[in-house]
Amino acid sequence: MTKIAIALAATLGIAATGAQAQGSYPQRPITMIVPFAAGGPTDVIARIVGDHMSRTLGQQIVVENVAGAGGTTGITRGAQAQADGYTIMMGHMGTHGAAPALYPNLKYDPAKDFAPIGLAAGTPILIVAKKDFPANDLKGFLDYMKANGDKVNMAHAGVGSVSHSTGIFFNSVIKAKPTMVAYRGTGPALNDLMGNTVDYMTDQIVNVAPQIQGGNIKAFAIATAERSPALPNVPTTKEAGLDGYEVSAWNAVFAPKGTPPEIVAKLNDALAKSLDDENTRKRLLDLGGVIPSKAERTPEALQKLVESEVARWTPVLKAAGATAE
């Protein structure tokens with residue numbers, strides 16, 4: 001073989017190897033940033049869907065908890081990561097819907113600085129309280145708040161989190177002004193609620209369902225039009241006598257802006273397969289999660305959801321006077 005032929009063969013071999021390497025994503029573990037402490041609803045959903053996604057992709061998805069500033073610290077880190085598919089993040093209604101209204105100096109644009117992967121789960125919101133709270137139903141709770149609202153405290157996972165945003169909305173509806181107590185995630189907040197350190201909170205069903213079922217906290221109502229199969233004895237807010245408070249949260253997977261479309265497609269496929277898996281579905285449904293339809297799981301659908309959520313929450317939170325300060 002001539003030197004030219006050898007050189008050409010070597011060049012073609014390198015090109016083929018490069019193409020093969022590029023086409024075989026992923027070749028190493030993938031980091032999924034969860035912007036809250038371990039044990040909270042976003043963390044739980046990330047670990048459930050990430051477990052099955054790992055098997056589909058053939059590489060482990062490693063959850064990294066980066067808590068702070070209502071989830072915006074972790075999401076900012078994710079937005080600034082290399083767009084190679086090896087850093088993704090589990091965002092939610094707070095980080096990608098409410099945050100712009102609460103953080104005027106937010107370092108990312110939820111609608112422009114990410115490559116949407118897909119919706120992971122819907123999560124209805126519940127109004128819950130410590131088990132020793134004087135009221136036993138929503139009407140009693142509202143009566144107690146009218147008389148003692150300034151003496152009551154409310155837990156949340158940080159300004160801009162789902163528990164904070166939905167809590168601010170709830171307080172504005174019932175015209176309450178409790179002392180707000182911030183935590184680095186709803187996991188720690190829930191621990192203090194169970195320990196009777198704080199009085200009440202609004203939180204995602206996947207976080208509180210086991211504690212409600214175990215009698216560790218009280219559930220006054222679920223903020224949806226219909227009851228949840230996971231908590232059939234908990235009335236809706238409307239059934240409990242409160243109009244104007246219906247809200248659900250969601251969790252979704254994002255990658256940094258500029259992530260190659262073929263990698264986005266591969267991650268979306270892995271997420272879709274996890275949501276079709278019988279065991280994964282059961283784990284989410286047992287916690288009260290809502291499985292997105294196939295049409296809701298696409299990157300395009302997630303992009304539209306983010307845009308609509310920013311438009312929805314900005315006026316609600318500004319009207320309530322909520323800020324990160």
# chains A, B, ... in the order shown; residues from 1 in each chain; ligands from 1
call {"tool": "closest_atom_pairs", "arguments": {"of": "stretch 132-203 of chain A", "to": "stretch 219-241 of chain A", "cutoff": "7 Å", "atoms": "only C-alpha atoms", "output": "tab-separated table"}}
result
residue	atom	partner	partner_atom	distance
A:Asp137	CA	A:Phe220	CA	5.2
A:Leu138	CA	A:Phe220	CA	4.9
A:Lys139	CA	A:Ala240	CA	6.9
call {"tool": "write_last_selection", "arguments": {"atoms": "N, CA and C atoms", "output": "PDB file, in the first residue's frame"}}
result
ATOM      1  N   ASP A 137     -60.340  20.661  59.569  1.00  0.00           N
ATOM      2  CA  ASP A 137     -60.747  20.725  58.164  1.00  0.00           C
ATOM      3  C   ASP A 137     -60.444  22.133  57.645  1.00  0.00           C
ATOM      4  N   LEU A 138     -60.677  22.339  56.359  1.00  0.00           N
ATOM      5  CA  LEU A 138     -60.303  23.619  55.755  1.00  0.00           C
ATOM      6  C   LEU A 138     -61.112  24.777  56.331  1.00  0.00           C
ATOM      7  N   LYS A 139     -62.403  24.558  56.569  1.00  0.00           N
ATOM      8  CA  LYS A 139     -63.223  25.632  57.139  1.00  0.00           C
ATOM      9  C   LYS A 139     -62.683  26.046  58.509  1.00  0.00           C
TER      10      LYS A 139
END
call {"tool": "residues_around", "arguments": {"residues": "stretch 76-93 of chain A", "least_positions_apart": "4", "cutoff": "9 Å", "atoms": "only C-alpha atoms", "output": "PDB file with N, CA and C atoms, in the first residue's frame"}}
result
ATOM      1  N   TYR A  25     -23.594   8.451  21.858  1.00  0.00           N
ATOM      2  CA  TYR A  25     -23.971   9.109  23.110  1.00  0.00           C
ATOM      3  C   TYR A  25     -25.054   8.304  23.825  1.00  0.00           C
ATOM      4  N   PRO A  26     -24.899   8.163  25.146  1.00  0.00           N
ATOM      5  CA  PRO A  26     -23.851   8.693  26.014  1.00  0.00           C
ATOM      6  C   PRO A  26     -22.727   7.687  26.241  1.00  0.00           C
ATOM      7  N   ARG A  28     -20.524   8.189  28.919  1.00  0.00           N
ATOM      8  CA  ARG A  28     -20.164   8.276  30.336  1.00  0.00           C
ATOM      9  C   ARG A  28     -21.412   8.695  31.120  1.00  0.00           C
ATOM     10  N   PRO A  29     -21.356   8.623  32.451  1.00  0.00           N
ATOM     11  CA  PRO A  29     -22.521   8.993  33.259  1.00  0.00           C
ATOM     12  C   PRO A  29     -22.994  10.419  32.994  1.00  0.00           C
ATOM     13  N   ILE A  30     -24.285  10.628  33.180  1.00  0.00           N
ATOM     14  CA  ILE A  30     -24.921  11.931  32.967  1.00  0.00           C
ATOM     15  C   ILE A  30     -25.319  12.503  34.327  1.00  0.00           C
ATOM     16  N   THR A  31     -25.010  13.769  34.537  1.00  0.00           N
ATOM     17  CA  THR A  31     -25.403  14.440  35.778  1.00  0.00           C
ATOM     18  C   THR A  31     -26.770  15.105  35.597  1.00  0.00           C
ATOM     19  N   MET A  32     -27.696  14.790  36.498  1.00  0.00           N
ATOM     20  CA  MET A  32     -28.981  15.485  36.518  1.00  0.00           C
ATOM     21  C   MET A  32     -29.010  16.382  37.752  1.00  0.00           C
ATOM     22  N   ILE A  33     -28.982  17.693  37.539  1.00  0.00           N
ATOM     23  CA  ILE A  33     -29.046  18.633  38.648  1.00  0.00           C
ATOM     24  C   ILE A  33     -30.474  18.734  39.158  1.00  0.00           C
ATOM     25  N   VAL A  34     -30.641  18.493  40.447  1.00  0.00           N
ATOM     26  CA  VAL A  34     -31.912  18.718  41.127  1.00  0.00           C
ATOM     27  C   VAL A  34     -31.700  19.942  42.003  1.00  0.00           C
ATOM     28  N   PRO A  35     -32.426  21.034  41.766  1.00  0.00           N
ATOM     29  CA  PRO A  35     -32.109  22.297  42.439  1.00  0.00           C
ATOM     30  C   PRO A  35     -32.651  22.435  43.859  1.00  0.00           C
ATOM     31  N   THR A  42     -39.195  17.241  43.849  1.00  0.00           N
ATOM     32  CA  THR A  42     -38.416  17.281  42.610  1.00  0.00           C
ATOM     33  C   THR A  42     -37.341  16.211  42.631  1.00  0.00           C
ATOM     34  N   ASP A  43     -36.718  16.020  43.778  1.00  0.00           N
ATOM     35  CA  ASP A  43     -35.703  14.986  43.936  1.00  0.00           C
ATOM     36  C   ASP A  43     -36.299  13.598  43.754  1.00  0.00           C
ATOM     37  N   ILE A  45     -39.049  12.682  42.080  1.00  0.00           N
ATOM     38  CA  ILE A  45     -39.414  12.442  40.685  1.00  0.00           C
ATOM     39  C   ILE A  45     -38.173  12.240  39.827  1.00  0.00           C
ATOM     40  N   ALA A  46     -37.128  13.028  40.076  1.00  0.00           N
ATOM     41  CA  ALA A  46     -35.889  12.887  39.311  1.00  0.00           C
ATOM     42  C   ALA A  46     -35.299  11.490  39.474  1.00  0.00           C
ATOM     43  N   VAL A  63     -27.838  11.912  40.169  1.00  0.00           N
ATOM     44  CA  VAL A  63     -28.508  13.099  40.680  1.00  0.00           C
ATOM     45  C   VAL A  63     -27.547  13.905  41.546  1.00  0.00           C
ATOM     46  N   VAL A  66     -28.348  20.570  44.161  1.00  0.00           N
ATOM     47  CA  VAL A  66     -27.730  21.898  44.265  1.00  0.00           C
ATOM     48  C   VAL A  66     -28.809  22.856  44.758  1.00  0.00           C
ATOM     49  N   GLY A  71     -34.404  27.159  44.140  1.00  0.00           N
ATOM     50  CA  GLY A  71     -34.094  26.306  42.986  1.00  0.00           C
ATOM     51  C   GLY A  71     -33.318  27.000  41.889  1.00  0.00           C
ATOM     52  N   THR A  72     -33.216  28.324  41.955  1.00  0.00           N
ATOM     53  CA  THR A  72     -32.575  29.052  40.856  1.00  0.00           C
ATOM     54  C   THR A  72     -31.059  28.892  40.853  1.00  0.00           C
ATOM     55  N   GLY A  97     -41.268  29.029  35.883  1.00  0.00           N
ATOM     56  CA  GLY A  97     -42.538  29.735  35.737  1.00  0.00           C
ATOM     57  C   GLY A  97     -42.625  30.946  36.628  1.00  0.00           C
ATOM     58  N   ALA A  98     -42.397  30.731  37.922  1.00  0.00           N
ATOM     59  CA  ALA A  98     -42.559  31.798  38.899  1.00  0.00           C
ATOM     60  C   ALA A  98     -41.308  32.644  39.100  1.00  0.00           C
ATOM     61  N   ALA A  99     -40.137  32.062  38.915  1.00  0.00           N
ATOM     62  CA  ALA A  99     -38.882  32.740  39.253  1.00  0.00           C
ATOM     63  C   ALA A  99     -38.701  34.123  38.627  1.00  0.00           C
ATOM     64  N   LEU A 106     -32.508  37.581  37.871  1.00  0.00           N
ATOM     65  CA  LEU A 106     -32.372  36.169  37.524  1.00  0.00           C
ATOM     66  C   LEU A 106     -31.372  36.008  36.376  1.00  0.00           C
ATOM     67  N   LYS A 107     -30.459  35.053  36.518  1.00  0.00           N
ATOM     68  CA  LYS A 107     -29.368  34.915  35.551  1.00  0.00           C
ATOM     69  C   LYS A 107     -29.711  34.020  34.365  1.00  0.00           C
ATOM     70  N   TYR A 108     -30.957  33.641  34.253  1.00  0.00           N
ATOM     71  CA  TYR A 108     -31.372  32.852  33.101  1.00  0.00           C
ATOM     72  C   TYR A 108     -32.785  33.232  32.696  1.00  0.00           C
ATOM     73  N   ASP A 113     -33.082  30.051  27.514  1.00  0.00           N
ATOM     74  CA  ASP A 113     -31.743  29.574  27.843  1.00  0.00           C
ATOM     75  C   ASP A 113     -31.646  28.070  28.049  1.00  0.00           C
ATOM     76  N   PHE A 114     -32.626  27.325  27.546  1.00  0.00           N
ATOM     77  CA  PHE A 114     -32.626  25.875  27.744  1.00  0.00           C
ATOM     78  C   PHE A 114     -33.071  25.142  26.489  1.00  0.00           C
ATOM     79  N   ILE A 117     -36.381  19.096  27.237  1.00  0.00           N
ATOM     80  CA  ILE A 117     -36.355  17.652  26.954  1.00  0.00           C
ATOM     81  C   ILE A 117     -37.775  17.089  26.997  1.00  0.00           C
ATOM     82  N   ALA A 120     -42.013  15.527  32.923  1.00  0.00           N
ATOM     83  CA  ALA A 120     -41.841  14.272  33.650  1.00  0.00           C
ATOM     84  C   ALA A 120     -43.076  13.875  34.456  1.00  0.00           C
ATOM     85  N   GLY A 160     -39.460  31.414  45.244  1.00  0.00           N
ATOM     86  CA  GLY A 160     -39.487  30.950  43.863  1.00  0.00           C
ATOM     87  C   GLY A 160     -39.768  29.467  43.724  1.00  0.00           C
ATOM     88  N   SER A 161     -39.730  28.741  44.822  1.00  0.00           N
ATOM     89  CA  SER A 161     -40.049  27.311  44.774  1.00  0.00           C
ATOM     90  C   SER A 161     -41.547  27.123  44.582  1.00  0.00           C
ATOM     91  N   VAL A 162     -41.952  25.910  44.271  1.00  0.00           N
ATOM     92  CA  VAL A 162     -43.377  25.616  44.105  1.00  0.00           C
ATOM     93  C   VAL A 162     -44.127  25.869  45.404  1.00  0.00           C
ATOM     94  N   SER A 165     -44.413  29.723  45.831  1.00  0.00           N
ATOM     95  CA  SER A 165     -45.308  30.393  44.878  1.00  0.00           C
ATOM     96  C   SER A 165     -46.764  30.024  45.118  1.00  0.00           C
ATOM     97  N   SER A 248     -51.901  23.272  40.078  1.00  0.00           N
ATOM     98  CA  SER A 248     -51.060  22.084  40.046  1.00  0.00           C
ATOM     99  C   SER A 248     -49.667  22.487  39.604  1.00  0.00           C
ATOM    100  N   ALA A 249     -48.691  21.769  40.070  1.00  0.00           N
ATOM    101  CA  ALA A 249     -47.313  22.011  39.672  1.00  0.00           C
ATOM    102  C   ALA A 249     -46.885  20.945  38.670  1.00  0.00           C
ATOM    103  N   TRP A 250     -45.642  21.033  38.230  1.00  0.00           N
ATOM    104  CA  TRP A 250     -45.112  20.053  37.281  1.00  0.00           C
ATOM    105  C   TRP A 250     -43.593  20.005  37.414  1.00  0.00           C
ATOM    106  N   ASN A 251     -43.029  18.914  36.971  1.00  0.00           N
ATOM    107  CA  ASN A 251     -41.577  18.755  36.908  1.00  0.00           C
ATOM    108  C   ASN A 251     -41.198  18.335  35.500  1.00  0.00           C
ATOM    109  N   ALA A 252     -40.084  18.857  35.002  1.00  0.00           N
ATOM    110  CA  ALA A 252     -39.673  18.582  33.623  1.00  0.00           C
ATOM    111  C   ALA A 252     -38.162  18.585  33.494  1.00  0.00           C
ATOM    112  N   VAL A 253     -37.684  17.896  32.467  1.00  0.00           N
ATOM    113  CA  VAL A 253     -36.243  17.772  32.231  1.00  0.00           C
ATOM    114  C   VAL A 253     -35.795  18.774  31.175  1.00  0.00           C
ATOM    115  N   PHE A 254     -34.696  19.463  31.475  1.00  0.00           N
ATOM    116  CA  PHE A 254     -34.121  20.448  30.568  1.00  0.00           C
ATOM    117  C   PHE A 254     -32.636  20.173  30.378  1.00  0.00           C
ATOM    118  N   ALA A 255     -32.098  20.647  29.253  1.00  0.00           N
ATOM    119  CA  ALA A 255     -30.658  20.644  28.999  1.00  0.00           C
ATOM    120  C   ALA A 255     -30.245  22.083  28.701  1.00  0.00           C
ATOM    121  N   PRO A 256     -28.957  22.376  28.751  1.00  0.00           N
ATOM    122  CA  PRO A 256     -28.516  23.735  28.411  1.00  0.00           C
ATOM    123  C   PRO A 256     -28.829  24.076  26.952  1.00  0.00           C
ATOM    124  N   LYS A 257     -29.051  25.343  26.691  1.00  0.00           N
ATOM    125  CA  LYS A 257     -29.283  25.816  25.329  1.00  0.00           C
ATOM    126  C   LYS A 257     -28.105  25.424  24.440  1.00  0.00           C
ATOM    127  N   GLY A 258     -28.401  24.969  23.235  1.00  0.00           N
ATOM    128  CA  GLY A 258     -27.354  24.577  22.301  1.00  0.00           C
ATOM    129  C   GLY A 258     -27.038  23.098  22.309  1.00  0.00           C
ATOM    130  N   THR A 259     -27.688  22.336  23.189  1.00  0.00           N
ATOM    131  CA  THR A 259     -27.501  20.882  23.186  1.00  0.00           C
ATOM    132  C   THR A 259     -27.941  20.335  21.830  1.00  0.00           C
ATOM    133  N   PRO A 260     -27.117  19.526  21.158  1.00  0.00           N
ATOM    134  CA  PRO A 260     -27.452  19.024  19.815  1.00  0.00           C
ATOM    135  C   PRO A 260     -28.827  18.358  19.764  1.00  0.00           C
ATOM    136  N   ILE A 263     -29.119  14.652  20.512  1.00  0.00           N
ATOM    137  CA  ILE A 263     -28.987  14.293  21.922  1.00  0.00           C
ATOM    138  C   ILE A 263     -30.288  14.591  22.660  1.00  0.00           C
ATOM    139  N   VAL A 264     -30.894  15.727  22.359  1.00  0.00           N
ATOM    140  CA  VAL A 264     -32.204  16.068  22.943  1.00  0.00           C
ATOM    141  C   VAL A 264     -33.220  14.972  22.619  1.00  0.00           C
ATOM    142  N   LEU A 267     -32.539  11.826  24.715  1.00  0.00           N
ATOM    143  CA  LEU A 267     -32.964  12.007  26.096  1.00  0.00           C
ATOM    144  C   LEU A 267     -34.490  12.006  26.208  1.00  0.00           C
ATOM    145  N   VAL A 306     -43.646  26.254  29.421  1.00  0.00           N
ATOM    146  CA  VAL A 306     -42.811  27.230  30.130  1.00  0.00           C
ATOM    147  C   VAL A 306     -43.266  28.657  29.821  1.00  0.00           C
ATOM    148  N   GLU A 309     -46.537  29.391  31.573  1.00  0.00           N
ATOM    149  CA  GLU A 309     -46.415  29.479  33.027  1.00  0.00           C
ATOM    150  C   GLU A 309     -45.797  30.801  33.465  1.00  0.00           C
ATOM    151  N   VAL A 310     -44.801  31.278  32.722  1.00  0.00           N
ATOM    152  CA  VAL A 310     -44.231  32.594  33.027  1.00  0.00           C
ATOM    153  C   VAL A 310     -45.314  33.663  32.901  1.00  0.00           C
TER     154      VAL A 310
END
call {"tool": "atom_distance", "arguments": {"atom1": "atom CA of A:Pro299", "atom2": "atom CA of A:Thr314"}}
result
22.7 Å
call {"tool": "select_by_dssp", "arguments": {"residues": "stretch 43-137 of chain A", "states": "strand (DSSP E)", "output": "PyMOL selection string"}}
result
chain A and resi 61-65+87-92+114-130
call {"tool": "closest_residue", "arguments": {"among": "A:Ile168, A:Leu271, A:Ile205, A:Leu317", "to": "A:Thr298", "atoms": "only C-alpha atoms"}}
result
A:Leu271
call {"tool": "closest_residue", "arguments": {"among": "A:Pro124, A:Gln211, A:Gly158, A:Ile217", "to": "A:Tyr245", "atoms": "only C-alpha atoms"}}
result
A:Pro124
call {"tool": "closest_residue", "arguments": {"among": "A:Val173, A:Ala295, A:Leu190, A:Ala301", "to": "A:Gly244", "atoms": "only C-alpha atoms"}}
result
A:Val173
call {"tool": "closest_residue", "arguments": {"among": "A:Ser274, A:Ser163, A:Asn279, A:Ser172", "to": "A:Met53", "atoms": "only C-alpha atoms"}}
result
A:Ser274
call {"tool": "select_by_dssp", "arguments": {"residues": "stretch 100-170 of chain A", "states": "helix (DSSP H, G or I)", "output": "MDAnalysis selection string"}}
result
chainID A and resid 100:102 138:151 162:170
call {"tool": "decode", "arguments": {"residues": "stretch 253-280 of chain A", "atoms": "N, CA, C and O atoms", "output": "compact mmCIF listing (two decimals), in the first residue's frame"}}
result
# COMPACT_ATOMS: atom_id res chain seq x y z
N VAL A 253 -37.68 17.90 32.47
CA VAL A 253 -36.24 17.77 32.23
C VAL A 253 -35.79 18.77 31.17
O VAL A 253 -36.43 18.91 30.12
N PHE A 254 -34.70 19.46 31.48
CA PHE A 254 -34.12 20.45 30.57
C PHE A 254 -32.64 20.17 30.38
O PHE A 254 -31.99 19.57 31.24
N ALA A 255 -32.10 20.65 29.25
CA ALA A 255 -30.66 20.64 29.00
C ALA A 255 -30.25 22.08 28.70
O ALA A 255 -31.09 22.94 28.43
N PRO A 256 -28.96 22.38 28.75
CA PRO A 256 -28.52 23.74 28.41
C PRO A 256 -28.83 24.08 26.95
O PRO A 256 -28.87 23.19 26.09
N LYS A 257 -29.05 25.34 26.69
CA LYS A 257 -29.28 25.82 25.33
C LYS A 257 -28.10 25.42 24.44
O LYS A 257 -26.96 25.52 24.85
N GLY A 258 -28.40 24.97 23.23
CA GLY A 258 -27.35 24.58 22.30
C GLY A 258 -27.04 23.10 22.31
O GLY A 258 -26.21 22.63 21.52
N THR A 259 -27.69 22.34 23.19
CA THR A 259 -27.50 20.88 23.19
C THR A 259 -27.94 20.33 21.83
O THR A 259 -29.03 20.67 21.35
N PRO A 260 -27.12 19.53 21.16
CA PRO A 260 -27.45 19.02 19.82
C PRO A 260 -28.83 18.36 19.76
O PRO A 260 -29.20 17.62 20.68
N PRO A 261 -29.58 18.62 18.71
CA PRO A 261 -30.94 18.06 18.58
C PRO A 261 -30.99 16.54 18.71
O PRO A 261 -31.95 15.99 19.26
N GLU A 262 -29.97 15.85 18.17
CA GLU A 262 -29.98 14.39 18.24
C GLU A 262 -29.84 13.89 19.68
O GLU A 262 -30.38 12.85 20.06
N ILE A 263 -29.12 14.65 20.51
CA ILE A 263 -28.99 14.29 21.92
C ILE A 263 -30.29 14.59 22.66
O ILE A 263 -30.75 13.81 23.50
N VAL A 264 -30.89 15.73 22.36
CA VAL A 264 -32.20 16.07 22.94
C VAL A 264 -33.22 14.97 22.62
O VAL A 264 -33.98 14.53 23.49
N ALA A 265 -33.20 14.51 21.36
CA ALA A 265 -34.14 13.47 20.93
C ALA A 265 -33.89 12.16 21.69
O ALA A 265 -34.85 11.47 22.08
N LYS A 266 -32.62 11.85 21.93
CA LYS A 266 -32.30 10.60 22.63
C LYS A 266 -32.73 10.68 24.09
O LYS A 266 -33.26 9.71 24.65
N LEU A 267 -32.54 11.83 24.71
CA LEU A 267 -32.96 12.01 26.10
C LEU A 267 -34.49 12.01 26.21
O LEU A 267 -35.06 11.43 27.14
N ASN A 268 -35.14 12.63 25.25
CA ASN A 268 -36.60 12.65 25.24
C ASN A 268 -37.16 11.23 25.09
O ASN A 268 -38.13 10.85 25.76
N ASP A 269 -36.52 10.46 24.22
CA ASP A 269 -36.95 9.07 24.03
C ASP A 269 -36.81 8.26 25.31
O ASP A 269 -37.69 7.47 25.66
N ALA A 270 -35.69 8.48 26.01
CA ALA A 270 -35.46 7.75 27.27
C ALA A 270 -36.49 8.16 28.32
O ALA A 270 -36.99 7.32 29.08
N LEU A 271 -36.82 9.45 28.37
CA LEU A 271 -37.83 9.92 29.31
C LEU A 271 -39.19 9.33 28.98
O LEU A 271 -39.92 8.87 29.87
N ALA A 272 -39.54 9.33 27.69
CA ALA A 272 -40.83 8.79 27.26
C ALA A 272 -40.94 7.31 27.61
O ALA A 272 -41.99 6.84 28.07
N LYS A 273 -39.85 6.57 27.41
CA LYS A 273 -39.85 5.14 27.74
C LYS A 273 -40.04 4.93 29.24
O LYS A 273 -40.70 3.97 29.67
N SER A 274 -39.45 5.81 30.04
CA SER A 274 -39.62 5.66 31.49
C SER A 274 -41.07 5.88 31.89
O SER A 274 -41.59 5.18 32.77
N LEU A 275 -41.75 6.82 31.24
CA LEU A 275 -43.15 7.12 31.57
C LEU A 275 -44.11 6.07 31.02
O LEU A 275 -45.27 6.02 31.43
N ASP A 276 -43.63 5.23 30.10
CA ASP A 276 -44.43 4.12 29.60
C ASP A 276 -44.18 2.84 30.39
O ASP A 276 -44.92 1.86 30.24
N ASP A 277 -43.14 2.85 31.21
CA ASP A 277 -42.78 1.67 31.99
C ASP A 277 -43.77 1.45 33.13
O ASP A 277 -44.08 2.39 33.89
N GLU A 278 -44.27 0.24 33.25
CA GLU A 278 -45.32 -0.05 34.23
C GLU A 278 -44.87 0.24 35.66
O GLU A 278 -45.61 0.83 36.46
N ASN A 279 -43.65 -0.13 36.01
CA ASN A 279 -43.16 0.08 37.37
C ASN A 279 -42.96 1.56 37.68
O ASN A 279 -43.33 2.04 38.76
N THR A 280 -42.40 2.29 36.71
CA THR A 280 -42.20 3.73 36.90
C THR A 280 -43.53 4.44 37.07
O THR A 280 -43.70 5.29 37.95
